[in-house]
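Visitor: protein22.tsv is reproduced in full below (TSV, C-alpha atoms).
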chain	number	residue	atom	x	y	z
A	25	MET	CA	76.62	141.16	93.75
A	26	LEU	CA	77.45	137.49	94.36
A	27	GLY	CA	77.05	137.97	98.12
A	28	ILE	CA	73.54	139.36	97.58
A	29	ALA	CA	72.77	136.50	95.21
A	30	GLY	CA	73.84	134.00	97.83
A	31	GLY	CA	71.64	135.71	100.42
A	32	LEU	CA	68.62	135.32	98.16
A	33	ILE	CA	69.06	131.57	97.71
A	34	TYR	CA	67.12	130.60	100.81
A	35	TYR	CA	64.06	132.54	99.68
A	36	THR	CA	64.11	131.40	96.07
A	37	SER	CA	64.77	127.69	96.53
A	38	ARG	CA	63.94	126.83	100.15
A	39	ASP	CA	61.37	124.17	99.21
A	40	LEU	CA	63.74	122.30	96.90
A	41	ALA	CA	66.14	119.66	98.21
A	42	LEU	CA	68.33	116.96	96.75
A	43	PRO	CA	66.85	113.45	97.03
A	44	GLU	CA	68.46	111.25	99.67
A	45	GLN	CA	69.47	108.63	97.11
A	46	ALA	CA	72.29	109.57	94.75
A	47	MET	CA	70.69	107.70	91.85
A	48	ASP	CA	67.61	109.93	92.18
A	49	ALA	CA	69.69	113.11	91.93
A	50	ALA	CA	71.55	112.14	88.75
A	51	PRO	CA	69.66	112.44	85.45
A	52	ALA	CA	68.47	109.71	83.12
A	53	GLY	CA	71.15	108.64	80.65
A	54	THR	CA	73.79	108.35	83.37
A	55	ARG	CA	76.26	105.66	82.35
A	56	ALA	CA	78.60	105.92	85.33
A	57	LEU	CA	78.23	107.40	88.80
A	58	LEU	CA	80.48	107.93	91.82
A	59	ARG	CA	79.21	108.86	95.27
A	60	MET	CA	81.63	109.80	98.04
A	61	ASP	CA	81.17	110.45	101.76
A	62	VAL	CA	83.65	113.34	101.82
A	63	PRO	CA	84.33	113.55	105.60
A	64	ALA	CA	84.91	109.78	105.78
A	65	VAL	CA	87.34	109.86	102.86
A	66	ARG	CA	89.25	112.88	104.22
A	67	ARG	CA	89.88	111.23	107.59
A	68	SER	CA	91.06	107.98	106.02
A	69	ILE	CA	94.67	106.82	105.83
A	70	PHE	CA	94.28	106.72	102.04
A	71	TYR	CA	93.60	110.46	101.85
A	72	GLN	CA	96.48	111.24	104.21
A	73	LYS	CA	98.98	109.04	102.38
A	74	LEU	CA	97.90	109.43	98.75
A	75	VAL	CA	96.84	113.08	98.82
A	76	VAL	CA	98.22	115.05	101.78
A	77	GLU	CA	101.61	113.41	102.29
A	78	ALA	CA	102.08	112.99	98.54
A	79	GLY	CA	101.59	116.73	98.03
A	80	ARG	CA	98.51	116.40	95.85
A	81	ASP	CA	96.43	118.83	97.93
A	82	THR	CA	98.39	121.97	97.05
A	83	GLY	CA	95.62	123.51	94.94
A	84	HIS	CA	93.17	122.89	97.78
A	85	ARG	CA	95.51	124.38	100.40
A	86	ALA	CA	96.12	127.46	98.26
A	87	LEU	CA	92.35	127.96	97.95
A	88	VAL	CA	91.89	127.61	101.72
A	89	GLU	CA	94.64	130.15	102.35
A	90	ARG	CA	93.15	132.70	99.96
A	91	CYS	CA	89.53	132.25	101.07
A	92	GLY	CA	90.14	132.03	104.82
A	93	PHE	CA	88.07	128.85	105.27
A	94	ASP	CA	87.92	125.33	103.87
A	95	PRO	CA	85.03	124.84	101.40
A	96	LEU	CA	85.42	121.05	101.73
A	97	ASP	CA	84.35	121.31	105.38
A	98	GLN	CA	80.90	122.18	104.04
A	99	LEU	CA	80.74	119.24	101.63
A	100	GLU	CA	79.17	116.04	103.02
A	101	ASP	CA	78.34	114.08	99.87
A	102	LEU	CA	79.91	114.37	96.44
A	103	ILE	CA	78.32	112.81	93.36
A	104	ILE	CA	80.04	112.74	89.97
A	105	PHE	CA	78.15	111.30	87.01
A	106	VAL	CA	78.86	110.80	83.33
A	107	ALA	CA	75.99	110.65	80.86
A	108	GLY	CA	75.67	109.94	77.16
A	109	ASP	CA	74.83	107.15	74.77
A	110	SER	CA	76.33	103.68	74.99
A	111	ALA	CA	79.50	104.60	73.12
A	112	GLN	CA	80.11	108.30	73.83
A	113	LEU	CA	80.09	109.66	77.38
A	114	GLU	CA	79.35	113.25	76.51
A	115	ARG	CA	78.35	115.02	79.73
A	116	THR	CA	80.01	115.16	83.14
A	117	GLY	CA	78.28	116.68	86.14
A	118	VAL	CA	79.05	117.24	89.81
A	119	ILE	CA	76.43	117.30	92.58
A	120	GLY	CA	77.25	118.33	96.14
A	121	ARG	CA	75.32	118.12	99.39
A	122	GLY	CA	76.12	119.88	102.65
A	123	PRO	CA	75.41	122.86	104.93
A	124	PHE	CA	76.75	125.36	102.40
A	125	GLU	CA	77.32	128.98	103.38
A	126	HIS	CA	76.48	130.23	99.93
A	127	GLU	CA	77.71	133.79	100.46
A	128	ARG	CA	81.17	132.61	101.57
A	129	VAL	CA	81.38	129.98	98.85
A	130	ALA	CA	80.45	132.55	96.18
A	131	GLU	CA	83.03	135.02	97.51
A	132	CYS	CA	85.69	132.29	97.62
A	133	LEU	CA	84.96	131.39	94.00
A	134	ARG	CA	85.10	135.07	93.05
A	135	GLN	CA	88.55	135.45	94.61
A	136	ALA	CA	89.86	132.32	92.93
A	137	ALA	CA	88.46	133.40	89.56
A	138	THR	CA	89.90	136.91	89.86
A	139	GLU	CA	93.38	135.71	90.76
A	140	SER	CA	93.40	133.16	87.94
A	141	GLU	CA	92.12	135.74	85.41
A	142	SER	CA	88.92	133.78	84.95
A	143	THR	CA	85.40	135.21	85.09
A	144	LEU	CA	82.45	134.71	87.41
A	145	GLU	CA	79.02	136.24	87.02
A	146	ARG	CA	75.56	135.88	88.47
A	147	THR	CA	72.95	134.02	86.42
A	148	GLU	CA	69.95	131.72	86.81
A	149	VAL	CA	69.33	128.14	85.73
A	150	GLU	CA	65.74	126.87	85.72
A	151	ASP	CA	64.82	129.84	87.99
A	152	LEU	CA	67.47	128.87	90.56
A	153	PRO	CA	70.35	131.19	91.55
A	154	ALA	CA	73.61	130.23	89.88
A	155	VAL	CA	77.03	131.53	88.96
A	156	LYS	CA	78.58	131.27	85.51
A	157	ILE	CA	82.20	130.16	85.65
A	158	GLY	CA	84.65	131.05	82.90
A	159	ARG	CA	83.85	131.97	79.32
A	160	GLY	CA	82.22	128.69	78.37
A	161	GLU	CA	78.89	127.18	79.35
A	162	GLY	CA	79.95	126.04	82.82
A	163	VAL	CA	77.60	126.98	85.68
A	164	MET	CA	77.12	126.17	89.36
A	165	ALA	CA	73.48	126.22	90.49
A	166	PHE	CA	72.35	126.20	94.12
A	167	ILE	CA	69.59	123.67	94.88
A	168	GLY	CA	67.98	124.64	98.17
A	169	ARG	CA	70.22	125.41	101.14
A	170	ARG	CA	72.07	122.08	101.02
A	171	GLY	CA	72.59	121.32	97.35
A	172	MET	CA	74.57	122.41	94.32
A	173	ALA	CA	75.09	121.19	90.77
A	174	TRP	CA	78.09	122.04	88.63
A	175	GLY	CA	78.68	121.37	84.94
A	176	GLN	CA	77.72	122.58	81.51
A	177	ARG	CA	74.37	124.39	81.52
A	178	GLU	CA	72.57	121.54	79.75
A	179	THR	CA	73.90	119.07	82.33
A	180	VAL	CA	72.91	121.23	85.29
A	181	VAL	CA	69.42	121.67	83.82
A	182	SER	CA	69.07	117.87	83.61
A	183	VAL	CA	70.02	117.57	87.32
A	184	ILE	CA	67.51	120.21	88.41
A	185	ARG	CA	64.73	118.57	86.42
A	186	ALA	CA	65.60	115.17	87.89
A	187	VAL	CA	65.54	116.64	91.41
A	188	ARG	CA	62.14	118.18	90.71
A	189	ASN	CA	61.00	114.84	89.22
A	190	GLU	CA	60.18	116.66	86.00
A	191	ALA	CA	62.48	114.41	83.92
A	192	GLY	CA	64.07	111.00	84.09
A	193	ARG	CA	66.46	109.88	86.83
A	194	ALA	CA	69.44	107.54	86.87
A	195	SER	CA	67.50	105.27	89.23
A	196	GLU	CA	65.30	104.29	86.27
A	197	ASP	CA	68.28	102.34	84.88
A	198	GLU	CA	67.44	98.91	86.33
A	199	LEU	CA	70.94	97.46	86.02
A	200	LEU	CA	72.84	100.39	87.56
A	201	SER	CA	70.19	100.80	90.24
A	202	ARG	CA	70.44	97.12	91.20
A	203	LEU	CA	74.24	97.29	91.40
A	204	TYR	CA	74.11	100.49	93.45
A	205	THR	CA	71.64	99.01	95.92
A	206	ALA	CA	73.58	95.76	96.24
A	207	ILE	CA	77.05	97.27	96.62
A	208	GLY	CA	76.36	100.64	98.24
A	209	ARG	CA	75.02	99.62	101.63
A	210	ASP	CA	77.23	101.04	104.44
A	211	ARG	CA	79.89	102.06	101.91
A	212	GLU	CA	81.59	105.47	101.89
A	213	VAL	CA	82.68	105.36	98.26
A	214	VAL	CA	80.43	103.79	95.61
A	215	ILE	CA	80.99	103.54	91.86
A	216	VAL	CA	78.61	101.98	89.36
A	217	SER	CA	79.22	101.94	85.62
A	218	HIS	CA	78.08	100.35	82.41
A	219	ILE	CA	80.81	98.85	80.23
A	220	PRO	CA	79.65	99.77	76.71
A	221	GLU	CA	80.23	97.08	74.10
A	222	PRO	CA	82.15	99.49	71.79
A	223	TRP	CA	84.74	99.92	74.55
A	224	ILE	CA	85.70	96.23	74.61
A	225	PRO	CA	88.11	96.21	71.64
A	226	ALA	CA	89.99	99.21	73.07
A	227	LEU	CA	90.13	97.63	76.54
A	228	ARG	CA	91.39	94.37	75.06
A	229	GLN	CA	94.06	96.20	73.09
A	230	LEU	CA	95.12	98.08	76.22
A	231	ALA	CA	95.48	94.80	78.13
A	232	GLN	CA	97.47	93.21	75.31
A	233	ALA	CA	99.87	96.16	75.33
A	234	GLN	CA	100.77	95.24	78.92
A	235	GLY	CA	101.98	91.80	77.93
A	236	GLU	CA	100.67	88.32	77.25
A	237	GLU	CA	100.11	87.40	80.91
A	238	ILE	CA	98.05	90.53	81.66
A	239	ALA	CA	96.02	89.98	78.50
A	240	ARG	CA	95.27	86.39	79.58
A	241	ILE	CA	94.06	87.46	83.03
A	242	ALA	CA	92.03	90.37	81.64
A	243	GLU	CA	90.19	88.42	78.94
A	244	PRO	CA	87.42	87.00	81.21
A	245	PHE	CA	86.59	90.58	82.29
A	246	MET	CA	85.74	91.50	78.69
A	247	ALA	CA	82.32	89.90	79.09
A	248	THR	CA	81.37	92.39	81.84
A	249	ARG	CA	78.17	94.35	81.15
A	250	ALA	CA	78.36	96.61	84.20
A	251	ILE	CA	80.29	96.85	87.43
A	252	GLY	CA	79.65	98.15	90.94
A	253	LEU	CA	82.38	98.98	93.45
A	254	GLY	CA	81.87	99.94	97.07
A	255	ALA	CA	84.41	100.70	99.77
A	256	ARG	CA	84.58	101.63	103.43
A	257	VAL	CA	87.80	103.60	103.91
A	258	SER	CA	87.47	105.60	107.14
A	259	VAL	CA	88.66	102.67	109.28
A	260	GLY	CA	90.62	99.88	107.63
A	261	LEU	CA	89.46	98.90	104.18
A	262	ALA	CA	86.36	96.95	103.21
A	263	VAL	CA	85.75	96.55	99.48
A	264	GLY	CA	83.03	94.87	97.49
A	265	ALA	CA	82.94	94.51	93.71
A	266	LEU	CA	79.97	93.18	91.78
A	267	PHE	CA	80.46	92.23	88.12
A	268	SER	CA	77.32	91.78	86.03
A	269	MET	CA	78.42	89.41	83.28
A	270	ARG	CA	77.02	88.69	79.82
A	271	ASP	CA	75.75	85.25	80.88
A	272	GLY	CA	76.26	82.50	83.45
A	273	GLU	CA	79.10	80.90	81.47
A	274	ALA	CA	81.05	84.16	81.48
A	275	ALA	CA	80.41	84.57	85.21
A	276	GLU	CA	81.68	81.05	85.88
A	277	LEU	CA	84.84	81.69	83.84
A	278	LEU	CA	85.61	84.94	85.69
A	279	THR	CA	85.02	83.30	89.07
A	280	ARG	CA	87.34	80.42	88.23
A	281	THR	CA	90.03	82.74	86.85
A	282	LEU	CA	90.03	84.97	89.93
A	283	ARG	CA	90.17	82.04	92.33
A	284	ASP	CA	93.02	80.41	90.38
A	285	GLU	CA	95.05	83.63	90.32
A	286	LEU	CA	94.57	84.17	94.05
A	287	GLU	CA	95.63	80.59	94.78
A	288	THR	CA	98.73	80.99	92.61
A	289	LEU	CA	99.74	84.24	94.33
A	290	THR	CA	99.24	83.04	97.88
A	291	ALA	CA	101.25	79.88	97.13
A	292	GLN	CA	104.37	81.96	96.54
A	293	PRO	CA	106.39	82.09	99.81
A	294	ILE	CA	107.66	85.65	99.28
A	295	ILE	CA	104.06	86.89	98.98
A	296	SER	CA	102.55	84.55	101.56
A	297	MET	CA	104.94	85.71	104.31
A	298	SER	CA	104.66	89.44	103.49
A	299	PRO	CA	101.81	91.78	104.58
A	300	ILE	CA	100.28	91.16	101.15
A	301	GLY	CA	99.67	87.47	101.91
A	302	PRO	CA	97.04	87.93	104.67
A	303	ALA	CA	95.31	90.58	102.55
A	304	LEU	CA	95.03	88.24	99.57
A	305	ARG	CA	93.77	85.38	101.74
A	306	ARG	CA	90.85	87.54	102.89
A	307	ILE	CA	89.51	87.99	99.35
A	308	ASN	CA	86.32	86.02	98.71
A	309	VAL	CA	85.05	85.35	95.18
A	310	ASN	CA	81.51	84.01	94.67
A	311	GLN	CA	79.16	83.55	91.73
A	312	SER	CA	75.39	84.01	91.73
A	313	GLY	CA	73.78	83.54	88.32
A	314	ASN	CA	75.29	86.11	85.98
A	315	ASP	CA	76.94	88.03	88.83
A	316	VAL	CA	80.40	87.66	90.32
A	317	ASN	CA	80.97	89.14	93.76
A	318	VAL	CA	84.45	89.90	95.09
A	319	ALA	CA	84.83	91.12	98.68
A	320	PHE	CA	87.46	91.59	101.36
A	321	ASP	CA	87.83	93.40	104.67
A	322	LEU	CA	91.12	94.54	106.19
A	323	GLN	CA	91.66	95.95	109.69
A	324	GLN	CA	93.42	99.28	110.12
A	325	ASP	CA	96.74	97.77	111.24
A	326	ARG	CA	96.95	95.61	108.11
A	327	VAL	CA	96.30	98.63	105.89
A	328	GLU	CA	99.05	100.54	107.70
A	329	ASN	CA	101.44	97.63	107.17
A	330	LEU	CA	100.68	97.63	103.44
A	331	PHE	CA	101.42	101.35	103.18
A	332	ALA	CA	104.65	100.89	105.13
A	333	LEU	CA	105.68	98.15	102.70
A	334	ALA	CA	104.79	100.36	99.69
A	335	GLU	CA	106.80	103.28	101.08
A	336	ARG	CA	109.87	101.07	101.48
A	337	PHE	CA	109.70	100.42	97.76
A	338	GLY	CA	109.20	104.10	96.87
A	339	GLY	CA	105.41	104.02	96.79
A	340	PRO	CA	102.80	106.52	98.10
A	341	GLY	CA	104.07	109.49	100.08
A	342	ALA	CA	107.58	109.30	98.63
A	343	GLY	CA	107.59	112.88	97.41
A	344	ALA	CA	105.22	112.93	94.43
A	345	GLY	CA	104.31	116.35	93.13
A	346	ARG	CA	107.39	118.28	94.29
A	347	PRO	CA	109.30	120.35	91.76
A	348	PRO	CA	112.47	118.66	90.43
A	349	GLY	CA	115.41	119.19	92.76
A	350	ALA	CA	113.27	120.44	95.63
A	351	PRO	CA	114.24	119.29	99.14
A	352	PRO	CA	111.99	116.72	100.87
A	353	GLY	CA	110.28	119.36	103.03
A	354	ALA	CA	109.46	121.71	100.16
A	355	PRO	CA	105.75	122.00	99.32
A	356	PRO	CA	104.76	121.15	95.76
A	357	ALA	CA	103.61	123.89	93.42
A	358	PRO	CA	99.82	124.31	93.33
A	359	GLY	CA	98.16	122.25	90.63
A	360	PRO	CA	95.05	123.20	88.68
A	361	LEU	CA	91.58	122.67	90.13
A	362	VAL	CA	89.62	120.80	87.46
A	363	GLY	CA	85.87	120.77	87.02
A	364	PRO	CA	83.34	120.03	84.29
A	365	SER	CA	83.33	123.71	83.33
A	366	GLY	CA	87.09	124.16	83.03
A	367	THR	CA	90.17	124.67	85.19
A	368	PHE	CA	91.97	127.36	87.11
A	369	THR	CA	95.28	127.26	88.96
A	370	PRO	CA	95.42	128.82	92.45
A	371	PRO	CA	98.28	131.34	92.62
A	372	LEU	CA	101.34	130.81	94.81
A	373	ALA	CA	101.36	132.62	98.14
A	374	THR	CA	102.93	136.07	98.08
A	375	PRO	CA	106.11	136.67	100.15
A	376	ASP	CA	104.18	138.37	102.95
A	377	GLU	CA	101.70	135.46	103.02
A	378	PRO	CA	103.81	132.29	103.18
A	379	ALA	CA	102.29	129.07	101.97
A	380	ALA	CA	101.26	126.50	104.57
A	381	PRO	CA	104.08	124.03	105.31
A	382	ALA	CA	103.88	120.58	103.80
A	383	ALA	CA	102.46	117.90	106.06
A	384	PRO	CA	105.26	115.82	107.61
A	385	THR	CA	105.65	112.32	106.29
A	386	ALA	CA	105.03	109.69	108.92
A	387	ALA	CA	107.91	107.33	109.71
A	388	PRO	CA	107.31	103.89	108.20
A	389	ALA	CA	105.98	101.28	110.57
A	390	ALA	CA	107.41	97.78	110.65
A	391	PRO	CA	105.35	95.41	108.54
Could you express the structure from this file as structure tokens?
Guide:
Amino acid sequence: MLGIAGGLIYYTSRDLALPEQAMDAAPAGTRALLRMDVPAVRRSIFYQKLVVEAGRDTGHRALVERCGFDPLDQLEDLIIFVAGDSAQLERTGVIGRGPFEHERVAECLRQAATESESTLERTEVEDLPAVKIGRGEGVMAFIGRRGMAWGQRETVVSVIRAVRNEAGRASEDELLSRLYTAIGRDREVVIVSHIPEPWIPALRQLAQAQGEEIARIAEPFMATRAIGLGARVSVGLAVGALFSMRDGEAAELLTRTLRDELETLTAQPIISMSPIGPALRRINVNQSGNDVNVAFDLQQDRVENLFALAERFGGPGAGAGRPPGAPPGAPPAPGPLVGPSGTFTPPLATPDEPAAPAAPTAAPAAP
């Protein structure tokens, strides 16, 4: 049934397509949004070190083994948004773009649902083909041949109406749209978010729990209205952060604090002579009106040196995710795949279908 449903998608939604801009695909009321260039992230050293070598891709590998293909190979852009009022972020949605083979994706989901004792059934959302996942209100709707939206039914409806321009879009939020435009150019990962005023006391309390020094450094950030982060990760690391502050005085205070902290750190010989020193010296902090811009750009060899240094101190890739007592080469147990409509845990491989071996950990390079 799902295979037939997938085959009908082209004929029922061929004239509908996701907008090119992520902010036009997310609905009005979006308070935070992440856009990711999936192929760029997957070929980065960060994905290899923090996900593959750390054993955090076991759920994904189990899904690939069961389905016979990698669904992520069909995903080009991933958008995750959170919507709600200024205090409560009530709705989370996922939007994907890529050359999806809907029949194979539907069959893959069916297998995963069956083996995890979940349910999957054909449905429609706003006259578009969709599948209902689990016993709740979670659905995945197909938007044309290259789009999908996943979340609670109400959330998916808001995406479809935004795509059709029948309802509001996240791009109508002037502040988030400005941050996205300023920070997102040529970036492979972009995050923009409001910082609701009701969150500030909790954030301040969290900082104070980390100690007096952390609380002192964090205090100037408490006047942030919204923030934009953008990163290029496929080669080296280029990061830009744009803080929209409450007023010019708050922006000046944050700029001065960041510059003072950087100067203090780089003046310490043990930091200055390590691979961290050159990275810190490449950070630029500038103020423009109520905005504070922080940016740096590291070449690939410097990023590799930082990972080598972290691994020497038991950092990324040091065996996270393996069962207690397991040998270094043992693959971690599959973890749950989490989405806005619920979770399911891919089953372990059966004895006659051995699990894929864990990726070897690269030998540390000299810093």
Visitor: Give me, please, the distance in Å between atom CA of A:Glu148 and atom CA of A:Gly122, quoted to one decimal.
Guide: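 According to the coordinates, atom CA of A:Glu148 and atom CA of A:Gly122 are separated by 20.7 Å.
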Visitor: Quick one: residues within 12 Å of A:Leu144, all atoms listed in the file counted, chain neighbours fewer than 6 positions away excluded, as JSON, numbers by chain?
Guide: {"A": [25, 26, 130, 131, 132, 133, 134, 135, 136, 137, 138, 154, 155, 156, 157, 158, 159, 160, 161, 162, 163, 164, 365]}
Visitor: Could you please determine the separation between atom CA of A:Ala274 and atom CA of A:Tyr204 in Å, to one decimal place?
Guide: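 These atoms are spaced 21.4 Å apart.
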Visitor: Give me, please, the distance in Å between atom CA of A:Glu273 and atom CA of A:Ala231, quoted to one decimal.
Guide: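 A separation of 21.7 Å between them.
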Visitor: A:Arg326: which residues within 9 Å, counting all atoms listed in the file, same-chain residues fewer than 4 positions away excluded, as JSON, numbers by chain?
Guide: {"A": [260, 299, 300, 302, 303, 322, 330, 331, 391]}
Visitor: Find the residues around stretch 169-178 of chain A up to 7 Å (only C-alpha atoms counted), leave out those fewer than 3 positions away in its own chain, and share them as a PyMOL selection string.
Guide: chain A and resi 34+38+41-42+116-124+161-166+181-182+364-365
Visitor: Name all residues at most 8 Å from A:Ile219 (count only C-alpha atoms; drop same-chain ones fewer than 6 positions away) and give them as an mmCIF file with C-alpha atoms, in the coordinates of the input.
Guide:
data_model
loop_
_atom_site.group_PDB
_atom_site.id
_atom_site.type_symbol
_atom_site.label_atom_id
_atom_site.label_comp_id
_atom_site.auth_asym_id
_atom_site.auth_seq_id
_atom_site.Cartn_x
_atom_site.Cartn_y
_atom_site.Cartn_z
ATOM 1 C CA THR A 248 81.370 92.390 81.840
ATOM 2 C CA ARG A 249 78.170 94.350 81.150
ATOM 3 C CA ALA A 250 78.360 96.610 84.200
ATOM 4 C CA ILE A 251 80.290 96.850 87.430
#
Visitor: Quick one: axis-aligned box around all listed atoms of stretch 187-197 of chain A, 6 Å on every side, centre and edge lengths in Å to one decimal, written as AutoDock Vina command-line options.
Guide:
--center_x 64.8 --center_y 110.3 --center_z 87.7 --size_x 21.3 --size_y 27.8 --size_z 19.5
Visitor: Closest to A:Glu190 among A:Arg67, A:Arg256, A:Ala46, A:Ala52, using all atoms listed in the file?
Guide: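 Ranking A:Arg67, A:Arg256, A:Ala46, A:Ala52 by distance to A:Glu190, first place goes to A:Ala52.
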Visitor: Between A:Gly108, A:Gly301, A:Pro244, A:Gly92, single out the one closest to A:Ile224, counting only C-alpha atoms.
Guide: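 Residue with the minimum atom-to-atom distance to A:Ile224: A:Pro244.
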Visitor: Rank nothing, just name the residue among A:Val187, A:Leu99, A:Val106, A:Ala206 nearest to A:Pro63, using all atoms listed in the file.
Guide: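 Looking at the shortest contact to A:Pro63, the residue is A:Leu99.
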Visitor: Mind listing as a list in words all residues within 10 Å of (86.4, 103.8, 108.4), counting only C-alpha atoms?
Guide: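 Checked against the point, the hits come out as Ala64, Val65, Arg67, Ser68, Ile69, Arg211, Glu212, Ala255, Arg256, Val257, Ser258, Val259, Gly260, Leu261, Ala262, Gln323 and Gln324 of chain A.
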Visitor: I need the chosen residues saved as a PDB file, keeping the file's coordinate frame, with C-alpha atoms.
Guide:
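Wrote result.pdb, looks like this:
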ATOM      1  CA  ALA A  64      84.910 109.780 105.780  1.00  0.00           C
ATOM      2  CA  VAL A  65      87.340 109.860 102.860  1.00  0.00           C
ATOM      3  CA  ARG A  67      89.880 111.230 107.590  1.00  0.00           C
ATOM      4  CA  SER A  68      91.060 107.980 106.020  1.00  0.00           C
ATOM      5  CA  ILE A  69      94.670 106.820 105.830  1.00  0.00           C
ATOM      6  CA  ARG A 211      79.890 102.060 101.910  1.00  0.00           C
ATOM      7  CA  GLU A 212      81.590 105.470 101.890  1.00  0.00           C
ATOM      8  CA  ALA A 255      84.410 100.700  99.770  1.00  0.00           C
ATOM      9  CA  ARG A 256      84.580 101.630 103.430  1.00  0.00           C
ATOM     10  CA  VAL A 257      87.800 103.600 103.910  1.00  0.00           C
ATOM     11  CA  SER A 258      87.470 105.600 107.140  1.00  0.00           C
ATOM     12  CA  VAL A 259      88.660 102.670 109.280  1.00  0.00           C
ATOM     13  CA  GLY A 260      90.620  99.880 107.630  1.00  0.00           C
ATOM     14  CA  LEU A 261      89.460  98.900 104.180  1.00  0.00           C
ATOM     15  CA  ALA A 262      86.360  96.950 103.210  1.00  0.00           C
ATOM     16  CA  GLN A 323      91.660  95.950 109.690  1.00  0.00           C
ATOM     17  CA  GLN A 324      93.420  99.280 110.120  1.00  0.00           C
TER      18      GLN A 324
END
Visitor: Of the candidates A:Leu278, A:Ala247, A:Ala86, A:Leu266, which one gets nearest to A:Asn317 if we count all atoms listed in the file?
Guide: A:Leu266
Visitor: Find the residue from A:Asp271, A:Asp197, A:Gln311, A:Leu152 that sits nearest to A:Arg185; use all atoms listed in the file when measuring.
Guide: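 When distances to A:Arg185 are compared using all atoms listed in the file, the smallest one comes from A:Leu152.
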Visitor: Just want the 9 Å neighbourhood of stretch 216-218 of chain A, counted on only C-alpha atoms, with same-chain residues fewer than 3 positions away dropped. Output as a ChimeraX atom specification.
Guide: /A:54-58,110,199-201,203-204,207,248-254
Visitor: Export, as a PDB file, keeping the file's coordinate frame, the selected residues with C-alpha atoms.
Guide:
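The resulting again_17.pdb:
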ATOM      1  CA  THR A  54      73.790 108.350  83.370  1.00  0.00           C
ATOM      2  CA  ARG A  55      76.260 105.660  82.350  1.00  0.00           C
ATOM      3  CA  ALA A  56      78.600 105.920  85.330  1.00  0.00           C
ATOM      4  CA  LEU A  57      78.230 107.400  88.800  1.00  0.00           C
ATOM      5  CA  LEU A  58      80.480 107.930  91.820  1.00  0.00           C
ATOM      6  CA  SER A 110      76.330 103.680  74.990  1.00  0.00           C
ATOM      7  CA  LEU A 199      70.940  97.460  86.020  1.00  0.00           C
ATOM      8  CA  LEU A 200      72.840 100.390  87.560  1.00  0.00           C
ATOM      9  CA  SER A 201      70.190 100.800  90.240  1.00  0.00           C
ATOM     10  CA  LEU A 203      74.240  97.290  91.400  1.00  0.00           C
ATOM     11  CA  TYR A 204      74.110 100.490  93.450  1.00  0.00           C
ATOM     12  CA  ILE A 207      77.050  97.270  96.620  1.00  0.00           C
ATOM     13  CA  THR A 248      81.370  92.390  81.840  1.00  0.00           C
ATOM     14  CA  ARG A 249      78.170  94.350  81.150  1.00  0.00           C
ATOM     15  CA  ALA A 250      78.360  96.610  84.200  1.00  0.00           C
ATOM     16  CA  ILE A 251      80.290  96.850  87.430  1.00  0.00           C
ATOM     17  CA  GLY A 252      79.650  98.150  90.940  1.00  0.00           C
ATOM     18  CA  LEU A 253      82.380  98.980  93.450  1.00  0.00           C
ATOM     19  CA  GLY A 254      81.870  99.940  97.070  1.00  0.00           C
TER      20      GLY A 254
END
Visitor: Which residue is closest to A:Ala226? Choose from A:Leu304, A:Pro95, A:Met246, A:Asp39 and count all atoms listed in the file.
Guide: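 The closest residue to A:Ala226 is A:Met246.
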Visitor: Output stretch 274-283 of chain A as a CSV table (one decimal), in the coordinates of the input, making sure N, CA and C atoms are there.
Guide:
chain,number,residue,atom,x,y,z
A,274,ALA,N,80.0,83.1,81.3
A,274,ALA,CA,81.0,84.2,81.5
A,274,ALA,C,81.3,84.4,83.0
A,275,ALA,N,80.2,84.4,83.8
A,275,ALA,CA,80.4,84.6,85.2
A,275,ALA,C,81.2,83.4,85.8
A,276,GLU,N,80.9,82.2,85.4
A,276,GLU,CA,81.7,81.0,85.9
A,276,GLU,C,83.2,81.1,85.5
A,277,LEU,N,83.5,81.6,84.3
A,277,LEU,CA,84.8,81.7,83.8
A,277,LEU,C,85.6,82.7,84.7
A,278,LEU,N,85.0,83.9,84.9
A,278,LEU,CA,85.6,84.9,85.7
A,278,LEU,C,85.8,84.5,87.1
A,279,THR,N,84.9,83.8,87.7
A,279,THR,CA,85.0,83.3,89.1
A,279,THR,C,86.2,82.3,89.2
A,280,ARG,N,86.3,81.4,88.2
A,280,ARG,CA,87.3,80.4,88.2
A,280,ARG,C,88.7,81.1,88.0
A,281,THR,N,88.8,82.1,87.1
A,281,THR,CA,90.0,82.7,86.8
A,281,THR,C,90.5,83.5,88.1
A,282,LEU,N,89.6,84.2,88.7
A,282,LEU,CA,90.0,85.0,89.9
A,282,LEU,C,90.5,84.1,91.1
A,283,ARG,N,89.8,83.0,91.3
A,283,ARG,CA,90.2,82.0,92.3
A,283,ARG,C,91.5,81.4,92.0
